[in-house]
Structure formats: C-alpha cells, structure tokens
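Novice: The structure under discussion is supplied below as structure tokens; questions concerning it will follow.
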Amino acid sequence: MASPRALRGVAQPRVQTIGELLTELADGKLRVEPDRTGAPEWAEHRKRLLLDSVFRGWPVGPLYALVTAEGPRTVVDGGQRLSALQEFVSGAIDVDGRLAPHDDLLRDIDGKTYAELPTGLRNAFDDYPVVVIEFQGLAPEEVRPALFRLNDANHLSPAQRSVLESGAFGEQIRELTVKAADWGLT
C-alpha cells in the first residue's frame with residue numbers, strides 16, 4: 001500500500017496568472033490537448049460568462065496539466081477556458097457588460113475588447129490568478145480515468161461517457177471521426 005506521502009507526488013497545485021499562462025502558450029512552453037471527450041465547443045455566451053467571472057474576481061475552474069520530461073506542459077482539462085481567455089486577448093471576443101447581476105464597471109466596458117480596456121483593467125485581467133493542477137509522473141494510460149473522475153460523469157452525454165470509459169478504442173473512434181470530418185465524409 002502506498003504511503004500518503006507517495007500519493008501527494010502525482011498532483012501538485014500551482015498558481016499562475018492569466019498573463020503567464022498565455023505567454024507560455026504563445027512561447028510553446030504550454031500546449032492544449034485537443035478535446036477527446038466529444039464535448040461541444042463553448043458558445044460565445046459561455047466564453048463571455050468566463051470573462052465576466054474574471055472581471056468580478058469570482059473563481060474559475062482550475063486547469064489540469066500533464067508534466068513530462070519530454071516536452072511542454074500539456075493542458076488536458078480546462079483547455080476551452082484557456083482558449084476563451086486567449087480569444088479575448090486576441091480581440092476575437094468582447095465583454096458582455098449586461099450580464100446579471102448588474103455591475104457598473106462591467107456595464108462601462110460592455111462591448112470592449114482586451115485592447116480597448118483601460119490599462120488598469122488589462123493589468124488586472126493579466127494578473128488574475130488561475131490554479132493549475134499539474135500531474136507529474138502520471139502514466140499516459142492513467143490520464144483518461146483520472147479526468148473521468150474529475151469531471152462529473154452525471155453531466156456527460158452517453159456518447160461522451162462512452163468515449164471516456166472506453167480507453168484506447170474510444171481514442172481510435174475519436175481520431176477516425178475527426179479524420180472523416182476532415183475528409184468531408186460526414
């Protein structure tokens with residue numbers, strides 16, 4: 001039986017700012033693994049809810065990253081959150097200042113992109129802390145079951161649950177589905 005000390009070595013929390021994470025992403029020190037659960041891409045409204053939470057100082061979910069000796073850290077859960085933050089900084093989406101509950105500051109920046117924000121708000125956004133749980137020494141075949149246990153399986157569709165539970169076979173199905181779409185077969 002493993003000791004509690006040995007168990008603490010697999011998942012280590014780390015706090016980074018949005019600015020640090022996006023810089024690492026741009027520099028190739030961090031990458032986002034493509035979603036393998038079959039979850040749909042986030043709608044614009046959900047992305048704007050994430051931005052709203054950041055500007056209100058509300059907590060956002062952690063990112064989970066796999067750390068290996070071979071390459072950059074890989075975000076294996078939370079990639080859509082990170083992508084939405086990256087889209088905002090690049091100007092692809094703007095703030096929706098009309099979301100409830102009403103906030104005068106958010107109302108004032110309604111419709112603004114990152115570049116259009118006052119410097120103080122851009123700095124506050126860049127400095128917003130995000131928890132990154134790093135999996136160190138986790139074998140590749142353990143990533144899927146670890147993520148399945150992290151995500152509430154009751155909120156997954158039967159197809160998503162099947163892909164998550166099916167291991168290597170589910171991985172092959174997902175890859176073939178993506179290739180079929182690329183080849184125009186869907």
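Every chain in the structure tokens takes a letter, A first, then B, and so on in the order presented; its residues are numbered from 1, and the ligands are numbered from 1 following the presented order.
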Counting only C-alpha atoms, what is within 8 Å of A:Glu33, bar same-chain residues fewer than 3 positions away, as a list of chain:residue names?
Specialist: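 Selected residues are A:Thr74, A:Val75, A:Val76, A:Gly79.
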Novice: Counting only C-alpha atoms, what is within 6 Å of stretch 9-19 of chain A, bar same-chain residues fewer than 5 positions away, as a PyMOL selection string?
Specialist: chain A and resi 126-136
Novice: Keeping only N, CA and C atoms, write the selected residues as a CSV table (one decimal), in the first residue's frame.
Specialist:
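File produced: out.csv:
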chain,number,residue,atom,x,y,z
A,126,ASP,N,-4.7,40.5,-16.7
A,126,ASP,CA,-3.4,39.7,-16.8
A,126,ASP,C,-3.0,39.1,-15.5
A,127,ASP,N,-3.2,39.8,-14.4
A,127,ASP,CA,-2.7,39.3,-13.1
A,127,ASP,C,-3.7,38.4,-12.4
A,128,TYR,N,-4.9,38.1,-13.0
A,128,TYR,CA,-5.9,37.2,-12.4
A,128,TYR,C,-5.3,35.8,-12.1
A,129,PRO,N,-5.4,35.3,-10.9
A,129,PRO,CA,-4.7,34.0,-10.6
A,129,PRO,C,-5.6,32.8,-11.1
A,130,VAL,N,-4.9,31.8,-11.6
A,130,VAL,CA,-5.6,30.6,-12.1
A,130,VAL,C,-4.8,29.4,-11.4
A,131,VAL,N,-5.6,28.5,-10.8
A,131,VAL,CA,-4.9,27.3,-10.3
A,131,VAL,C,-4.7,26.3,-11.4
A,132,VAL,N,-3.5,25.8,-11.4
A,132,VAL,CA,-3.1,24.8,-12.4
A,132,VAL,C,-2.7,23.6,-11.6
A,133,ILE,N,-3.4,22.5,-11.7
A,133,ILE,CA,-3.1,21.2,-11.1
A,133,ILE,C,-2.2,20.5,-12.1
A,134,GLU,N,-0.9,20.2,-11.7
A,134,GLU,CA,0.0,19.5,-12.5
A,134,GLU,C,0.1,18.1,-12.2
A,135,PHE,N,-0.2,17.2,-13.1
A,135,PHE,CA,0.0,15.8,-13.0
A,135,PHE,C,1.5,15.5,-13.3
A,136,GLN,N,2.2,15.1,-12.3
A,136,GLN,CA,3.6,14.7,-12.6
A,136,GLN,C,3.8,13.2,-12.4
Novice: Using only C-alpha atoms, which residues sit within 12 Å of A:His45 once same-chain residues fewer than 3 positions away are excluded, as a VMD selection string?
Specialist: chain A and resid 41 to 42 48 to 52 84 93 to 99
Novice: Which residues are near A:Ala92? Cut-off 12 Å, only C-alpha atoms, ignore same chain within fewer than 6 positions. Put them as a short mmCIF file (atom, residue, chain, number, x, y, z; two decimals) with C-alpha atoms, in the first residue's frame.
Specialist:
data_model
loop_
_atom_site.label_atom_id
_atom_site.label_comp_id
_atom_site.auth_asym_id
_atom_site.auth_seq_id
_atom_site.Cartn_x
_atom_site.Cartn_y
_atom_site.Cartn_z
CA GLU A 44 -19.86 32.74 -27.24
CA LYS A 47 -16.96 32.42 -23.06
CA ARG A 48 -18.37 35.80 -22.03
CA SER A 83 -8.76 29.16 -25.34
CA ALA A 84 -11.56 31.59 -24.43
CA LEU A 85 -9.10 33.77 -22.48
CA GLN A 86 -6.72 33.68 -25.44
CA GLY A 111 -18.62 45.55 -25.98
CA LYS A 112 -14.93 46.31 -25.41
CA THR A 113 -12.14 44.01 -26.47
CA TYR A 114 -9.00 43.48 -24.42
CA ALA A 115 -7.10 46.15 -26.39
#
Novice: Which of these residues is nearest to A:Pro72, using only C-alpha atoms: A:Asp110, A:Glu24, A:Leu138, A:Pro101?
Specialist: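 Closest to A:Pro72, using only C-alpha atoms: A:Glu24.
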Novice: Using only C-alpha atoms, can you tell me which of A:Leu63, A:Ala100, A:Ala139, A:Val54 comes closest to A:Ala124?
Specialist: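 Of A:Leu63, A:Ala100, A:Ala139, A:Val54, the one nearest A:Ala124, counting only C-alpha atoms, is A:Val54.
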Novice: May I ask which of the residues A:Glu20, A:Val143, A:Pro118, A:Arg46 is the closest one to A:Gln80, counting only C-alpha atoms?
Specialist: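 Of all the options, A:Arg46 lies closest to A:Gln80.
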Novice: Taking the DSSP secondary structure from the backbone, can you list the residues of stretch 15-154 of chain A that are helix (DSSP H, G or I), as a PyMOL selection string?
Specialist: chain A and resi 18-27+44-56+79-90+104-108+114-116+119-126+140-150+153-154
Novice: Give the answer as one residue: which of A:Val89, A:Val67, A:Val60, A:Ala43 has the shortest atom-to-atom distance to A:Asn123, using only C-alpha atoms?
Specialist: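 Using only C-alpha atoms, the shortest distance to A:Asn123 belongs to A:Val89.
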Novice: Between atom CA of A:Arg144 and atom CA of A:Thr23, what is the distance, to one decimal in Å?
Specialist: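 Interatomic distance here is 27.1 Å.
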Novice: So the first atom is atom CA of A:Arg31 and the second is atom CA of A:Pro140; what is the distance between them in Å, to one decimal place?
Specialist: 16.0 Å
